[in-house]
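Peer 1: This is target_8.cif (mmCIF, C-alpha atoms).
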data_model
loop_
_atom_site.label_atom_id
_atom_site.label_comp_id
_atom_site.auth_asym_id
_atom_site.auth_seq_id
_atom_site.Cartn_x
_atom_site.Cartn_y
_atom_site.Cartn_z
CA MET A 4 17.80 52.50 92.89
CA SER A 5 18.17 51.21 89.35
CA LEU A 6 21.93 51.22 89.92
CA TYR A 7 21.54 48.61 92.60
CA GLN A 8 19.07 46.65 90.52
CA GLY A 9 21.81 46.44 87.91
CA ILE A 10 24.17 44.81 90.40
CA PHE A 11 21.48 42.40 91.49
CA LYS A 12 20.73 41.42 87.92
CA ARG A 13 24.40 41.01 87.14
CA ASP A 14 24.99 38.75 90.13
CA MET A 15 21.99 36.58 89.34
CA HIS A 16 23.08 36.40 85.71
CA ILE A 17 26.58 35.28 86.67
CA ALA A 18 25.28 32.80 89.24
CA PHE A 19 23.16 31.03 86.66
CA LYS A 20 26.03 31.01 84.17
CA GLN A 21 28.18 29.21 86.73
CA LYS A 22 25.75 26.46 87.59
CA ALA A 23 28.44 24.08 88.81
CA GLU A 24 29.34 26.46 91.60
CA LEU A 25 25.69 26.61 92.60
CA VAL A 26 25.10 22.90 92.62
CA GLN A 27 28.33 21.71 94.26
CA PRO A 28 27.63 23.07 97.76
CA LEU A 29 24.14 21.58 97.61
CA MET A 30 25.46 18.17 96.63
CA PHE A 31 28.00 18.46 99.43
CA LEU A 32 25.20 19.23 101.89
CA LEU A 33 23.19 16.29 100.69
CA MET A 34 26.13 13.91 100.92
CA VAL A 35 27.20 14.98 104.39
CA VAL A 36 23.66 14.41 105.63
CA THR A 37 23.43 10.98 104.02
CA LEU A 38 26.73 9.95 105.61
CA PHE A 39 25.29 10.12 109.10
CA PRO A 40 22.79 7.24 108.85
CA LEU A 41 25.63 5.17 107.37
CA GLY A 42 28.28 6.20 109.85
CA VAL A 43 26.45 6.71 113.13
CA SER A 44 23.40 4.49 113.13
CA PRO A 45 20.42 3.98 110.89
CA SER A 46 18.06 3.64 113.85
CA PRO A 47 15.20 6.14 113.50
CA ASP A 48 15.45 7.29 117.13
CA THR A 49 19.15 8.13 116.93
CA LEU A 50 18.66 9.93 113.63
CA GLN A 51 15.82 11.95 115.04
CA ARG A 52 17.97 13.00 117.98
CA ILE A 53 21.02 14.03 115.96
CA GLY A 54 19.06 15.21 112.89
CA PRO A 55 18.72 18.96 113.58
CA GLY A 56 22.39 19.26 114.51
CA VAL A 57 23.48 17.32 111.44
CA ILE A 58 21.45 19.47 109.08
CA TRP A 59 22.70 22.68 110.62
CA ILE A 60 26.35 21.61 110.66
CA ALA A 61 26.11 20.44 107.07
CA ALA A 62 24.45 23.73 106.10
CA ILE A 63 27.23 25.74 107.76
CA LEU A 64 29.99 23.68 106.15
CA SER A 65 28.43 23.85 102.71
CA SER A 66 27.85 27.58 103.11
CA LEU A 67 31.59 28.01 103.63
CA MET A 68 32.14 26.48 100.20
CA ALA A 69 29.71 28.84 98.55
CA MET A 70 30.71 31.89 100.56
CA GLU A 71 33.92 32.70 98.71
CA ARG A 72 32.01 33.18 95.49
CA LEU A 73 30.54 36.33 96.99
CA PHE A 74 33.52 38.60 96.23
CA ARG A 75 36.32 36.34 94.95
CA ASP A 76 35.66 36.70 91.22
CA ASP A 77 34.87 40.38 91.50
CA PHE A 78 38.11 40.96 93.35
CA GLN A 79 40.26 38.93 91.01
CA ASP A 80 38.93 40.33 87.76
CA GLY A 81 38.90 43.92 88.99
CA SER A 82 35.12 44.42 89.02
CA LEU A 83 35.39 45.40 92.66
CA GLU A 84 37.66 48.32 91.75
CA GLN A 85 35.07 49.46 89.26
CA TYR A 86 32.33 49.21 91.92
CA VAL A 87 34.35 51.43 94.22
CA LEU A 88 34.96 53.93 91.42
CA SER A 89 31.34 53.98 90.34
CA GLY A 90 30.62 56.25 93.30
CA MET A 91 27.84 54.01 94.59
CA ALA A 92 27.53 53.59 98.33
CA LEU A 93 29.61 50.54 99.13
CA PRO A 94 27.43 49.39 102.07
CA ALA A 95 24.41 49.34 99.75
CA VAL A 96 26.37 47.49 97.08
CA SER A 97 27.40 44.90 99.67
CA THR A 98 23.83 44.49 100.86
CA VAL A 99 22.59 43.87 97.34
CA LYS A 100 25.34 41.34 96.72
CA VAL A 101 24.62 39.53 99.98
CA VAL A 102 20.91 39.34 99.17
CA ALA A 103 21.65 37.95 95.70
CA HIS A 104 24.08 35.46 97.22
CA TRP A 105 21.56 34.36 99.83
CA LEU A 106 18.91 33.82 97.16
CA VAL A 107 21.10 31.59 95.03
CA SER A 108 22.93 29.69 97.77
CA PHE A 109 20.48 29.33 100.63
CA VAL A 110 17.02 29.32 99.12
CA PRO A 111 17.88 25.97 97.44
CA VAL A 112 18.86 24.68 100.90
CA LEU A 113 15.43 25.73 102.21
CA LEU A 114 13.82 23.93 99.29
CA LEU A 115 15.90 20.85 99.97
CA SER A 116 15.14 20.84 103.69
CA PRO A 117 11.95 18.68 103.57
CA LEU A 118 14.00 15.94 101.94
CA LEU A 119 16.72 16.24 104.57
CA ALA A 120 14.12 16.17 107.32
CA MET A 121 12.74 12.95 105.87
CA PHE A 122 16.20 11.38 105.68
CA LEU A 123 16.70 12.02 109.36
CA ASN A 124 13.22 11.08 110.49
CA LEU A 125 12.27 14.50 111.88
CA THR A 126 8.66 14.91 112.99
CA PHE A 127 6.50 17.59 111.40
CA ASP A 128 6.85 19.91 114.41
CA MET A 129 10.59 19.51 114.35
CA TYR A 130 10.66 20.25 110.64
CA VAL A 131 8.66 23.46 111.05
CA ALA A 132 11.06 24.60 113.76
CA LEU A 133 14.03 23.64 111.60
CA LEU A 134 12.67 25.55 108.64
CA LEU A 135 12.06 28.65 110.77
CA THR A 136 15.59 28.54 112.17
CA LEU A 137 16.97 28.12 108.65
CA ILE A 138 14.92 31.05 107.35
CA LEU A 139 16.20 33.29 110.14
CA GLY A 140 19.66 31.81 110.43
CA THR A 141 20.92 31.51 106.85
CA PRO A 142 20.77 35.25 106.09
CA LEU A 143 22.88 35.66 109.22
CA LEU A 144 25.41 33.21 107.76
CA SER A 145 25.52 35.27 104.56
CA LEU A 146 25.92 38.61 106.31
CA ILE A 147 28.62 37.54 108.74
CA GLY A 148 30.32 35.41 106.12
CA ALA A 149 30.53 38.36 103.75
CA ILE A 150 32.61 40.34 106.27
CA ALA A 151 35.13 37.50 106.50
CA VAL A 152 35.15 37.04 102.72
CA GLY A 153 35.84 40.75 102.31
CA LEU A 154 38.79 40.49 104.68
CA THR A 155 40.31 37.36 103.14
CA VAL A 156 39.59 38.03 99.49
CA GLY A 157 43.01 39.52 98.84
CA LEU A 158 44.84 36.54 100.30
CA GLN A 159 46.08 33.52 98.42
CA LYS A 160 44.33 30.40 99.66
CA GLY A 161 41.96 32.36 101.83
CA GLY A 162 39.50 29.44 101.90
CA VAL A 163 40.82 27.62 104.95
CA LEU A 164 41.37 30.85 106.82
CA LEU A 165 37.78 31.77 106.02
CA ALA A 166 36.56 28.56 107.67
CA LEU A 167 38.76 29.11 110.71
CA LEU A 168 37.46 32.65 111.10
CA LEU A 169 33.81 31.84 110.61
CA ILE A 170 33.12 28.54 112.34
CA PRO A 171 33.65 29.90 115.88
CA VAL A 172 31.41 32.87 115.06
CA PHE A 173 28.61 30.55 113.98
CA ILE A 174 28.60 28.55 117.24
CA PRO A 175 25.90 30.65 119.00
CA LEU A 176 23.65 30.35 115.98
CA LEU A 177 24.13 26.58 115.94
CA ILE A 178 23.33 26.30 119.65
CA PHE A 179 20.11 28.30 119.49
CA ALA A 180 18.96 26.74 116.22
CA THR A 181 19.36 23.15 117.39
CA SER A 182 17.91 23.98 120.79
CA ALA A 183 14.80 25.38 119.06
CA VAL A 184 14.32 22.14 117.15
CA ASP A 185 14.91 20.08 120.32
CA SER A 186 12.21 22.08 122.09
CA ALA A 187 9.87 21.46 119.18
CA ALA A 188 10.55 17.73 119.51
CA LEU A 189 9.39 17.89 123.13
CA GLN A 190 6.32 19.97 122.15
CA LEU A 191 7.73 22.93 124.10
CA PRO A 192 7.56 26.53 122.86
CA TYR A 193 10.64 27.53 120.94
CA TYR A 194 9.91 31.21 120.38
CA PRO A 195 12.67 32.39 122.73
CA GLN A 196 15.35 30.70 120.62
CA LEU A 197 13.82 32.07 117.42
CA ALA A 198 13.66 35.52 118.96
CA ILE A 199 17.34 35.37 119.83
CA ILE A 200 18.28 34.28 116.29
CA ALA A 201 16.06 37.02 114.90
CA ALA A 202 17.75 39.55 117.17
CA MET A 203 21.17 38.43 115.95
CA LEU A 204 19.94 38.71 112.37
CA LEU A 205 18.61 42.24 112.89
CA LEU A 206 21.84 43.35 114.51
CA ALA A 207 23.85 41.86 111.66
CA ALA A 208 21.56 43.37 109.04
CA ALA A 209 22.06 46.80 110.58
CA LEU A 210 25.83 46.67 111.05
CA ALA A 211 27.26 44.09 108.67
CA PRO A 212 26.88 46.17 105.46
CA PHE A 213 29.21 48.80 106.89
CA ALA A 214 31.67 46.18 108.09
CA ILE A 215 31.62 44.50 104.67
CA ALA A 216 32.15 47.81 102.91
CA TYR A 217 35.07 48.58 105.18
CA SER A 218 36.63 45.16 104.72
CA LEU A 219 36.39 45.54 100.95
CA LYS A 220 38.01 48.94 101.13
CA VAL A 221 40.83 47.55 103.26
CA SER A 222 41.38 44.71 100.79
CA GLN A 223 41.84 47.30 98.01
CA ASN A 224 44.90 48.75 99.71
CA MET B 5 42.99 70.32 87.18
CA LEU B 6 44.30 67.24 88.96
CA GLU B 7 46.88 67.95 91.60
CA ALA B 8 48.82 65.78 93.99
CA CYS B 9 50.51 67.47 96.92
CA SER B 10 53.48 65.87 98.69
CA LEU B 11 52.25 62.29 98.50
CA THR B 12 53.97 59.58 100.48
CA CYS B 13 53.37 55.93 99.88
CA SER B 14 55.07 52.90 101.34
CA LYS B 15 54.50 49.24 100.77
CA ARG B 16 55.84 46.61 103.16
CA ASP B 17 58.15 49.02 104.96
CA ARG B 18 59.68 50.25 101.73
CA THR B 19 59.04 53.86 100.86
CA LEU B 20 58.01 54.01 97.22
CA PHE B 21 57.95 57.77 97.04
CA GLU B 22 57.97 60.62 99.49
CA GLY B 23 56.80 64.18 99.08
CA LEU B 24 55.78 63.58 95.49
CA SER B 25 53.93 66.49 93.93
CA LEU B 26 52.49 66.69 90.48
CA ALA B 27 49.90 68.70 88.62
CA ILE B 28 48.13 67.83 85.41
CA ASN B 29 46.03 70.33 83.54
CA ALA B 30 43.20 69.85 81.14
CA GLY B 31 44.48 69.01 77.67
CA GLU B 32 47.56 67.31 78.96
CA LEU B 33 48.80 63.76 78.62
CA LEU B 34 51.13 62.58 81.33
CA TYR B 35 53.27 59.59 80.53
CA LEU B 36 54.41 57.97 83.75
CA ARG B 37 57.61 55.98 83.45
CA GLY B 38 59.67 53.96 85.83
CA PRO B 39 61.22 50.55 86.43
CA ASN B 40 59.19 47.64 87.83
CA GLY B 41 58.40 48.17 91.46
CA ALA B 42 58.94 51.93 91.35
CA GLY B 43 55.36 52.51 92.42
CA LYS B 44 53.60 53.48 89.21
CA THR B 45 50.50 51.43 89.93
CA SER B 46 50.49 52.57 93.56
CA LEU B 47 50.63 56.19 92.42
CA LEU B 48 47.77 55.65 89.97
CA ARG B 49 45.66 53.96 92.63
CA LEU B 50 46.26 56.92 94.92
CA LEU B 51 45.24 59.32 92.17
CA THR B 52 42.00 57.43 91.59
CA GLY B 53 41.18 57.35 95.28
CA LEU B 54 41.20 53.54 95.40
CA SER B 55 43.81 53.68 98.13
CA GLU B 56 44.68 56.48 100.48
CA PRO B 57 48.08 58.11 100.78
CA GLU B 58 49.98 57.97 104.04
CA ASN B 59 50.64 61.66 103.67
CA GLY B 60 49.58 64.37 101.32
CA ARG B 61 46.41 64.95 99.41
CA ILE B 62 44.96 64.83 95.95
CA CYS B 63 42.84 67.66 94.63
CA TYR B 64 40.56 67.74 91.65
CA ASN B 65 39.48 71.23 90.54
CA GLY B 66 40.99 72.56 93.74
CA LYS B 67 38.97 70.30 96.03
CA ASP B 68 40.26 67.36 98.00
CA ILE B 69 38.91 64.20 96.36
CA LYS B 70 38.25 62.70 99.78
CA HIS B 71 35.38 65.16 100.18
CA THR B 72 34.09 65.18 96.63
CA ARG B 73 34.31 61.51 95.77
CA ALA B 74 31.04 61.31 93.86
CA ASP B 75 31.87 64.30 91.63
CA TYR B 76 35.38 63.08 91.02
CA PHE B 77 34.32 59.54 90.23
CA SER B 78 31.77 60.69 87.67
CA ASP B 79 34.62 62.46 85.81
CA LEU B 80 37.07 59.61 86.20
CA LEU B 81 37.79 56.51 84.20
CA TYR B 82 40.33 54.07 85.57
CA LEU B 83 41.53 51.01 83.75
CA GLY B 84 43.91 48.91 85.80
CA HIS B 85 45.89 45.73 85.33
CA LYS B 86 42.72 43.82 86.03
CA SER B 87 40.22 44.22 83.27
CA GLY B 88 37.11 44.49 85.43
CA THR B 89 35.22 42.11 83.18
CA ASN B 90 33.64 38.88 84.33
CA GLY B 91 34.82 35.88 82.33
CA SER B 92 31.49 34.10 82.18
CA LEU B 93 29.64 37.11 80.80
CA SER B 94 29.80 38.22 77.18
CA ALA B 95 31.44 41.48 76.15
CA LEU B 96 28.04 43.03 75.61
CA ASP B 97 26.70 41.97 79.02
CA ASN B 98 29.87 43.11 80.74
CA LEU B 99 29.62 46.56 79.19
CA ASN B 100 25.88 46.81 79.79
CA PHE B 101 26.22 46.01 83.47
CA TRP B 102 29.20 48.31 83.82
CA LEU B 103 27.26 51.16 82.20
CA ALA B 104 24.32 50.53 84.51
CA GLN B 105 26.59 50.68 87.55
CA HIS B 106 28.09 53.95 86.42
CA ASP B 107 24.68 55.38 85.58
CA ILE B 108 25.53 55.95 81.94
CA HIS B 109 22.85 55.50 79.31
CA GLN B 110 23.99 54.34 75.89
CA SER B 111 21.87 52.66 73.29
CA THR B 112 22.64 49.13 72.13
CA GLU B 113 23.57 50.51 68.71
CA VAL B 114 26.27 52.64 70.25
CA LEU B 115 27.57 49.58 72.09
CA TYR B 116 27.69 47.56 68.89
CA ARG B 117 29.40 50.43 67.08
CA VAL B 118 32.06 50.72 69.77
CA LEU B 119 32.67 46.97 69.73
CA GLU B 120 33.02 47.21 65.96
CA THR B 121 35.53 50.06 66.24
CA ILE B 122 37.59 48.09 68.72
CA GLY B 123 37.58 45.06 66.45
CA LEU B 124 35.28 42.65 68.22
CA VAL B 125 32.67 42.15 65.50
CA GLY B 126 30.99 38.77 65.85
CA LEU B 127 32.38 38.25 69.34
CA GLU B 128 29.83 40.37 71.20
CA ASP B 129 28.03 37.37 72.68
CA VAL B 130 30.99 35.12 73.43
CA PRO B 131 31.86 34.77 77.12
CA VAL B 132 34.89 36.97 77.67
CA ARG B 133 36.87 34.08 79.15
CA TYR B 134 37.03 32.46 75.68
CA LEU B 135 38.57 35.55 74.09
CA SER B 136 42.30 36.03 73.70
CA ALA B 137 44.22 38.25 76.12
CA GLY B 138 44.34 41.08 73.60
CA GLN B 139 40.62 40.82 72.89
CA GLN B 140 39.85 40.85 76.61
CA ARG B 141 41.93 43.99 76.92
CA ARG B 142 39.93 45.50 74.07
CA VAL B 143 36.66 44.81 75.89
CA ALA B 144 38.02 46.70 78.90
CA LEU B 145 39.28 49.54 76.70
CA SER B 146 35.92 50.00 74.99
CA ARG B 147 34.85 51.85 78.14
CA LEU B 148 36.99 54.76 76.94
CA TRP B 149 34.47 55.30 74.15
CA LEU B 150 31.44 54.85 76.37
CA LYS B 151 32.01 57.00 79.43
CA PRO B 152 32.33 60.72 78.85
CA ALA B 153 35.02 61.11 81.50
CA LYS B 154 37.47 63.99 81.65
CA VAL B 155 40.16 62.19 83.59
CA TRP B 156 41.64 58.99 82.25
CA VAL B 157 43.92 56.93 84.43
CA LEU B 158 45.29 54.05 82.41
CA ASP B 159 47.62 51.48 83.90
CA GLU B 160 49.54 49.67 81.15
CA PRO B 161 46.73 49.98 78.61
CA PHE B 162 48.90 48.62 75.79
CA THR B 163 49.53 45.23 77.38
CA ALA B 164 48.62 42.38 75.03
CA LEU B 165 47.44 44.75 72.29
CA ASP B 166 48.60 44.27 68.71
CA SER B 167 50.04 47.16 66.68
CA LYS B 168 46.62 48.07 65.25
CA GLY B 169 45.15 48.20 68.73
CA ILE B 170 47.98 50.40 69.95
CA TYR B 171 47.49 52.75 67.01
CA LEU B 172 43.76 52.96 67.73
CA LEU B 173 44.27 53.65 71.41
CA GLU B 174 46.98 56.26 70.86
CA ASN B 175 44.76 58.11 68.43
CA LEU B 176 41.89 57.99 70.88
CA MET B 177 44.12 59.44 73.59
CA LYS B 178 45.20 62.24 71.29
CA GLN B 179 41.57 63.04 70.53
CA HIS B 180 40.70 63.00 74.20
CA ILE B 181 43.50 65.46 74.95
CA GLN B 182 42.45 67.73 72.10
CA ASN B 183 38.94 67.78 73.49
CA GLY B 184 40.26 69.15 76.75
CA GLY B 185 40.52 65.93 78.68
CA LEU B 186 43.50 64.80 80.67
CA ALA B 187 45.13 61.41 80.84
CA ILE B 188 47.77 59.67 82.88
CA VAL B 189 49.27 56.61 81.26
CA THR B 190 51.89 54.15 82.36
CA SER B 191 53.60 51.96 79.84
CA HIS B 192 56.88 50.19 79.36
CA GLN B 193 56.94 50.96 75.70
CA PRO B 194 57.42 54.56 74.64
CA LEU B 195 54.41 56.42 73.28
CA SER B 196 54.65 57.08 69.57
CA GLU B 197 53.88 60.41 67.87
CA ASN B 198 50.31 59.19 67.27
CA ALA B 199 49.59 59.89 70.90
CA GLY B 200 50.36 63.58 70.37
CA ALA B 201 52.33 65.82 72.66
CA HIS B 202 52.92 64.44 76.11
CA ARG B 203 54.82 65.18 79.26
CA VAL B 204 57.04 62.50 80.76
CA PHE B 205 57.19 61.94 84.47
CA ASP B 206 59.90 59.62 85.72
CA LEU B 207 59.45 57.65 88.89
CA GLU B 208 62.66 56.27 90.30
CA TYR B 209 63.13 53.03 92.13
CA ARG B 210 64.04 53.67 95.77
CA PHE B 211 65.66 51.25 98.13
#
Would you write out, as structure tokens, the structure that this file holds?
Peer 2:
Amino acid sequence: MSLYQGIFKRDMHIAFKQKAELVQPLMFLLMVVTLFPLGVSPSPDTLQRIGPGVIWIAAILSSLMAMERLFRDDFQDGSLEQYVLSGMALPAVSTVKVVAHWLVSFVPVLLLSPLLAMFLNLTFDMYVALLLTLILGTPLLSLIGAIAVGLTVGLQKGGVLLALLLIPVFIPLLIFATSAVDSAALQLPYYPQLAIIAAMLLLAAALAPFAIAYSLKVSQN
Amino acid sequence: MLEACSLTCSKRDRTLFEGLSLAINAGELLYLRGPNGAGKTSLLRLLTGLSEPENGRICYNGKDIKHTRADYFSDLLYLGHKSGTNGSLSALDNLNFWLAQHDIHQSTEVLYRVLETIGLVGLEDVPVRYLSAGQQRRVALSRLWLKPAKVWVLDEPFTALDSKGIYLLENLMKQHIQNGGLAIVTSHQPLSENAGAHRVFDLEYRF
């Protein structure tokens, strides 16, 4: 267990040494969201209607920027080779890295979300629904994203390919997340949508670590 | 102790080697030579189990390493082209985290002593990215002092090292061999007599 704690500590340590890489995706998220009132319409009703979708799309796009950090440095500097040769279980290593990555890239988004909700004139009910979908949905982004990062890490300029691979996969999540917030706006129950996102998360949590481990192994060849 | 039986490896439709067999015993230093692109690194990666051969198998102590990965890895130290150190962490942090991953317990004094031996006094807390290429290589090499591994697989360990560094490393290899370890080394510069007796294995470039 302490082996995996070591990886966690290392990743957190590195993340806080590279603050720019932490802050940039957040700034990007903030800017994309502020563009909508300027570009679409500043009317509170319009903003309220498009708000949930805007926040989710911005979160997905900014997550793509932060995603590569997950394995890119470790692959390029050879740390990944040393992980493989340490004899630790690669699925467990991947899980620890994904958790660390989620904590540093998505928890700030959760903290920022009240501000975003205010920008876009979301009601309190809508905000609660949005927060719940973000809490359930962002770990899913991390888990699925990590598989794609593992596959593209050995490629030059894998960034665009990463986006092309991932965006279609995130569509169901986007649909259910925004639909949950829409239901909340109409004072309807939104548990079914949350349950579906939670089911997707559980499935990913069970299977993704093995897929990530395999993709990392393939990229070593 | 380490045996490779009829290995075949191809990269991008070019066969690097076919039916390659080789055995290295404890107390032996194997110096792997060959022109660029002959497949030295590929062979080393096969021997470490990082990649899998198309054909053939690799045995350590008579057992296929595919089935005894954990045992093999605890006896193995591989240093590749890539240093395996993170540029934003200091030498000390890099080594500490690496030791934790490999479940090796060394006191901080030992770490400082090793960094002193390797010539990094005063640079322990500097992020590795600010060190010169040779110093970064030294950080990676300091693992040789820290992990009590029997099998050393070193891919171009002399790159970027100055003559003092080369002398230090060759002596360390000699000591390792005398203590009953085994090592496989690739290098484009010949090993000097400091490295002790060694067997040369030539890998030819195939079209």
Peer 1: When you draw a straight line from atom CA of A:Ile170 to atom CA of A:Ile60, how long is it in Å?
Peer 2: 9.8 Å
Peer 1: To one decimal place in Å, what is the distance between atom CA of B:Leu165 and atom CA of B:His192?
Peer 2: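 Separation between atom CA of B:Leu165 and atom CA of B:His192: 13.0 Å.
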Peer 1: Name the residues that the PyMOL selection byres ((chain A) within 7 of (chain B)) picks from the file above, as a ChimeraX atom specification, using the file's chain letters and numbers.
Peer 2: /A:6,9-10,13,17,20,80-82,85,88-90,223-224
Peer 1: Run the PyMOL selection byres ((chain A and resi 178) around 12) on the file and write out the hits as JSON, numbers by chain.
Peer 2: {"A": [55, 56, 59, 60, 136, 140, 171, 172, 173, 174, 175, 176, 177, 179, 180, 181, 182, 183, 184, 185, 196, 197, 199, 200]}
Peer 1: Please report the interatomic distance between atom CA of B:Thr19 and atom CA of B:Arg210 in Å with one decimal.
Peer 2: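 Interatomic distance here is 7.1 Å.
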Peer 1: Run the PyMOL selection byres ((chain B and resi 150) around 9) against the file shown and list the residues it catches, as a ChimeraX atom specification.
Peer 2: /B:99,103,108,110,114-115,118,146-149,151-153
